[in-house]
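To keep things clear, I will list the structure first and then write my remarks on it.
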Amino acid sequence: MILYPAIDLKEGAAVRLLRGEMASATVFNPDPAAQAAAFADAGFSWLHLVDLDGAFAARPVNRAAVEAILAAVDIPVQLGGGIRDMATVEGWLAAGVSRVILGTAAVKDPALVREACRRFPGRVAVGIDARDGRVAVEGWAEASDLEAEALARRFEDAGVAAVIHTDIERDGALQGVNVEATARLADAVGLPVIASGGVASLDDLAALLAVEERGVVGAICGRALYDGRIDPGSALALVAGAPGAGGKAAGQC
């Protein structure tokens with residue numbers, strides 16, 4: 001399992017939200033590039049970036065911060081937020097982003113996801129952000145009637161690198177990860193699934209490791225890393241000591 005430390009970008013700073021509410025943003029580091037370097041130095045092998053302002057604006061907003069992060073680290077980076085057209089996909093991949101995450105576009109423009117997967121194999125993930133099992137889009141501000149599993153099935157044959165499943169009600173709340181909902185999603189589709197939202201302790205990571213063979217191949221950690229609830233060394237040692245996943249994998253691009 002790969003652990004992805006999260007850097008959410010708002011107005012150029014690394015922040016964490018509570019359940020996706022922009023008004024609840026807590027600034028943890030005004031220098032996201034320094035934060036990225038700290039995560040890399042701690043031994044993490046990937047970074048997970050979200051342009052929060054971009055998600056609402058439907059276009060990249062925190063470009064300077066992302067570019068500074070790319071210049072500061074050598075480990076691969078996956079990025080979501082405000083990526084709604086092929087030009088933006090191409091631009092970020094050309095800039096050095098290893099994998100782009102398409103969330104709102106997966107609901108509103110599935111053809112874009114398929115074309116991006118065709119043109120950039122292994123470098124496109126689908127972000128499925130759900131509240132009570134229903135997908136939310138436009139920075140989680142807009143609800144849909146689409147179920148998370150139904151959306152994932154649409155892209156089973158598209159060649160996506162992974163599905164990133166976020167339980168919105170748990171995101172930033174430190175209430176524990178929704179292991180069963182994430183595992184059910186992995187069971188339902190033949191795609192690697194990365195868990196996001198609510199990871200608050202090593203016990204949460206252990207619970208995810210217990211379903212790794214079902215296809216849950218990654219976990220995104222945010223607030224718990226920033227406030228010290230999860231020690232990076234202990235978390236990485238826990239994952240390193242676990243047996244490998246089964247047939248699914250979201251590996252290096």
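Order determines the names: the first chain of the structure tokens is A, the second B, and so forth; residues in each chain are numbered 1 upward, and ligands are numbered 1 upward as they are shown.
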Practice item. Please provide the set of residues having any atom within 10 Å of stretch 232-242 of chain A, restricted to only C-alpha atoms, with same-chain residues fewer than 3 positions apart removed, written as an NGL selection string. Key: :A and (1-3 or 5 or 39 or 42-45 or 201-203 or 205-206 or 209-210 or 212 or 218 or 221 or 224-226 or 228-229 or 245)
Would you save the residues of that selection, restricted to N, CA and C atoms, as a compact mmCIF listing (two decimals), in the first residue's frame?
```
# COMPACT_ATOMS: atom_id res chain seq x y z
N MET A 1 0.84 -1.20 0.00
CA MET A 1 0.00 0.00 0.00
C MET A 1 0.88 1.25 0.00
N ILE A 2 0.48 2.22 -0.79
CA ILE A 2 1.20 3.49 -0.85
C ILE A 2 0.48 4.51 0.03
N LEU A 3 1.25 5.23 0.85
CA LEU A 3 0.71 6.33 1.64
C LEU A 3 0.97 7.64 0.92
N PRO A 5 0.79 11.57 1.48
CA PRO A 5 0.52 12.76 2.29
C PRO A 5 -0.14 13.82 1.42
N PHE A 39 7.82 16.18 3.56
CA PHE A 39 7.21 14.87 3.35
C PHE A 39 8.16 13.94 2.59
N ALA A 42 10.82 12.72 4.79
CA ALA A 42 10.32 11.75 5.77
C ALA A 42 10.25 10.34 5.19
N GLY A 43 10.35 10.24 3.86
CA GLY A 43 10.36 8.92 3.24
C GLY A 43 9.14 8.57 2.42
N PHE A 44 8.20 9.49 2.28
CA PHE A 44 7.03 9.20 1.46
C PHE A 44 7.44 9.10 -0.01
N SER A 45 6.78 8.22 -0.74
CA SER A 45 7.16 7.96 -2.14
C SER A 45 6.26 8.67 -3.14
N SER A 201 -5.31 7.58 12.52
CA SER A 201 -4.42 6.84 13.41
C SER A 201 -3.79 5.68 12.67
N LEU A 202 -2.80 5.06 13.32
CA LEU A 202 -2.20 3.85 12.75
C LEU A 202 -3.22 2.72 12.69
N ASP A 203 -4.19 2.73 13.59
CA ASP A 203 -5.24 1.71 13.54
C ASP A 203 -6.04 1.81 12.25
N LEU A 205 -4.87 2.89 9.39
CA LEU A 205 -4.02 2.34 8.33
C LEU A 205 -4.00 0.82 8.40
N ALA A 206 -3.96 0.27 9.61
CA ALA A 206 -3.98 -1.18 9.76
C ALA A 206 -5.28 -1.76 9.21
N LEU A 209 -4.99 -1.81 5.51
CA LEU A 209 -4.08 -2.88 5.10
C LEU A 209 -4.78 -4.23 5.12
N ALA A 210 -5.75 -4.39 6.02
CA ALA A 210 -6.48 -5.65 6.12
C ALA A 210 -7.35 -5.92 4.90
N GLU A 212 -6.37 -4.70 1.81
CA GLU A 212 -5.51 -4.40 0.66
C GLU A 212 -5.72 -5.42 -0.45
N GLY A 218 -3.99 2.13 -1.62
CA GLY A 218 -3.37 3.37 -1.15
C GLY A 218 -4.24 4.07 -0.14
N CYS A 221 -3.36 10.65 3.59
CA CYS A 221 -3.34 11.15 4.97
C CYS A 221 -3.16 12.65 4.94
N ALA A 224 -4.09 14.35 10.13
CA ALA A 224 -3.43 13.55 11.16
C ALA A 224 -1.91 13.62 11.07
N LEU A 225 -1.38 13.83 9.87
CA LEU A 225 0.06 14.02 9.72
C LEU A 225 0.48 15.41 10.20
N TYR A 226 -0.37 16.39 9.90
CA TYR A 226 -0.01 17.76 10.25
C TYR A 226 -0.06 18.01 11.75
N GLY A 228 0.29 15.68 14.10
CA GLY A 228 1.11 14.74 14.85
C GLY A 228 0.41 13.49 15.33
N ARG A 229 -0.83 13.29 14.98
CA ARG A 229 -1.53 12.07 15.40
C ARG A 229 -0.93 10.83 14.75
N ALA A 245 -0.20 -6.34 -2.05
CA ALA A 245 -1.59 -6.48 -2.48
C ALA A 245 -1.69 -7.62 -3.49
```
Exercise for review: DSSP on the backbone, then: every residue of stretch 53-180 of chain A marked helix (DSSP H, G or I), written as a PyMOL selection string.
Suggested key: chain A and resi 53-57+63-72+86-95+104-108+110-119+148-154+168-170+179-180
Practice item. Any chance you could list, as a PyMOL selection string, the residues in stretch 58-139 of chain A that come up strand (DSSP E) when DSSP is run on the backbone? Key: chain A and resi 77-80+99-102+124-131+134-137
Please save C-alpha atoms of the selected residues as a JSON list (two decimals), in the first residue's frame.
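And here is the file that came out, part.json:
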```
[["chain", "number", "residue", "atom", "x", "y", "z"],
["A", 77, "VAL", "CA", 2.95, 13.91, -7.54],
["A", 78, "GLN", "CA", -0.73, 13.38, -8.26],
["A", 79, "LEU", "CA", -2.90, 16.47, -8.63],
["A", 80, "GLY", "CA", -6.61, 17.21, -8.68],
["A", 99, "ARG", "CA", -0.84, 11.73, -12.46],
["A", 100, "VAL", "CA", -3.87, 13.98, -12.82],
["A", 101, "ILE", "CA", -7.11, 13.35, -10.96],
["A", 102, "LEU", "CA", -10.39, 13.97, -12.77],
["A", 124, "VAL", "CA", -5.05, 9.53, -15.07],
["A", 125, "ALA", "CA", -7.01, 8.77, -11.91],
["A", 126, "VAL", "CA", -10.72, 9.26, -11.26],
["A", 127, "GLY", "CA", -11.66, 11.07, -8.07],
["A", 128, "ILE", "CA", -14.95, 9.92, -6.56],
["A", 129, "ASP", "CA", -15.98, 12.15, -3.68],
["A", 130, "ALA", "CA", -19.12, 10.84, -1.99],
["A", 131, "ARG", "CA", -21.50, 11.96, 0.72],
["A", 134, "ARG", "CA", -23.72, 9.87, -3.59],
["A", 135, "VAL", "CA", -21.13, 11.64, -5.70],
["A", 136, "ALA", "CA", -20.48, 15.38, -5.15],
["A", 137, "VAL", "CA", -18.80, 17.64, -7.72]]
```
Check your understanding: What does the distance from atom CA of A:Val216 to atom CA of A:Asp167 come to in Å, to one decimal?
Key ->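 Interatomic distance, atom CA of A:Val216 to atom CA of A:Asp167: 14.3 Å.
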Check your understanding: So which one's closest to A:Val217, A:Ile75, A:Val27, A:Ala40, A:Ala195? Using only C-alpha atoms, please.
Key -> A:Ala195
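Across the model, the gap from atom CA of A:Gly96 to atom CA of A:Ala152 is 26.5 Å.
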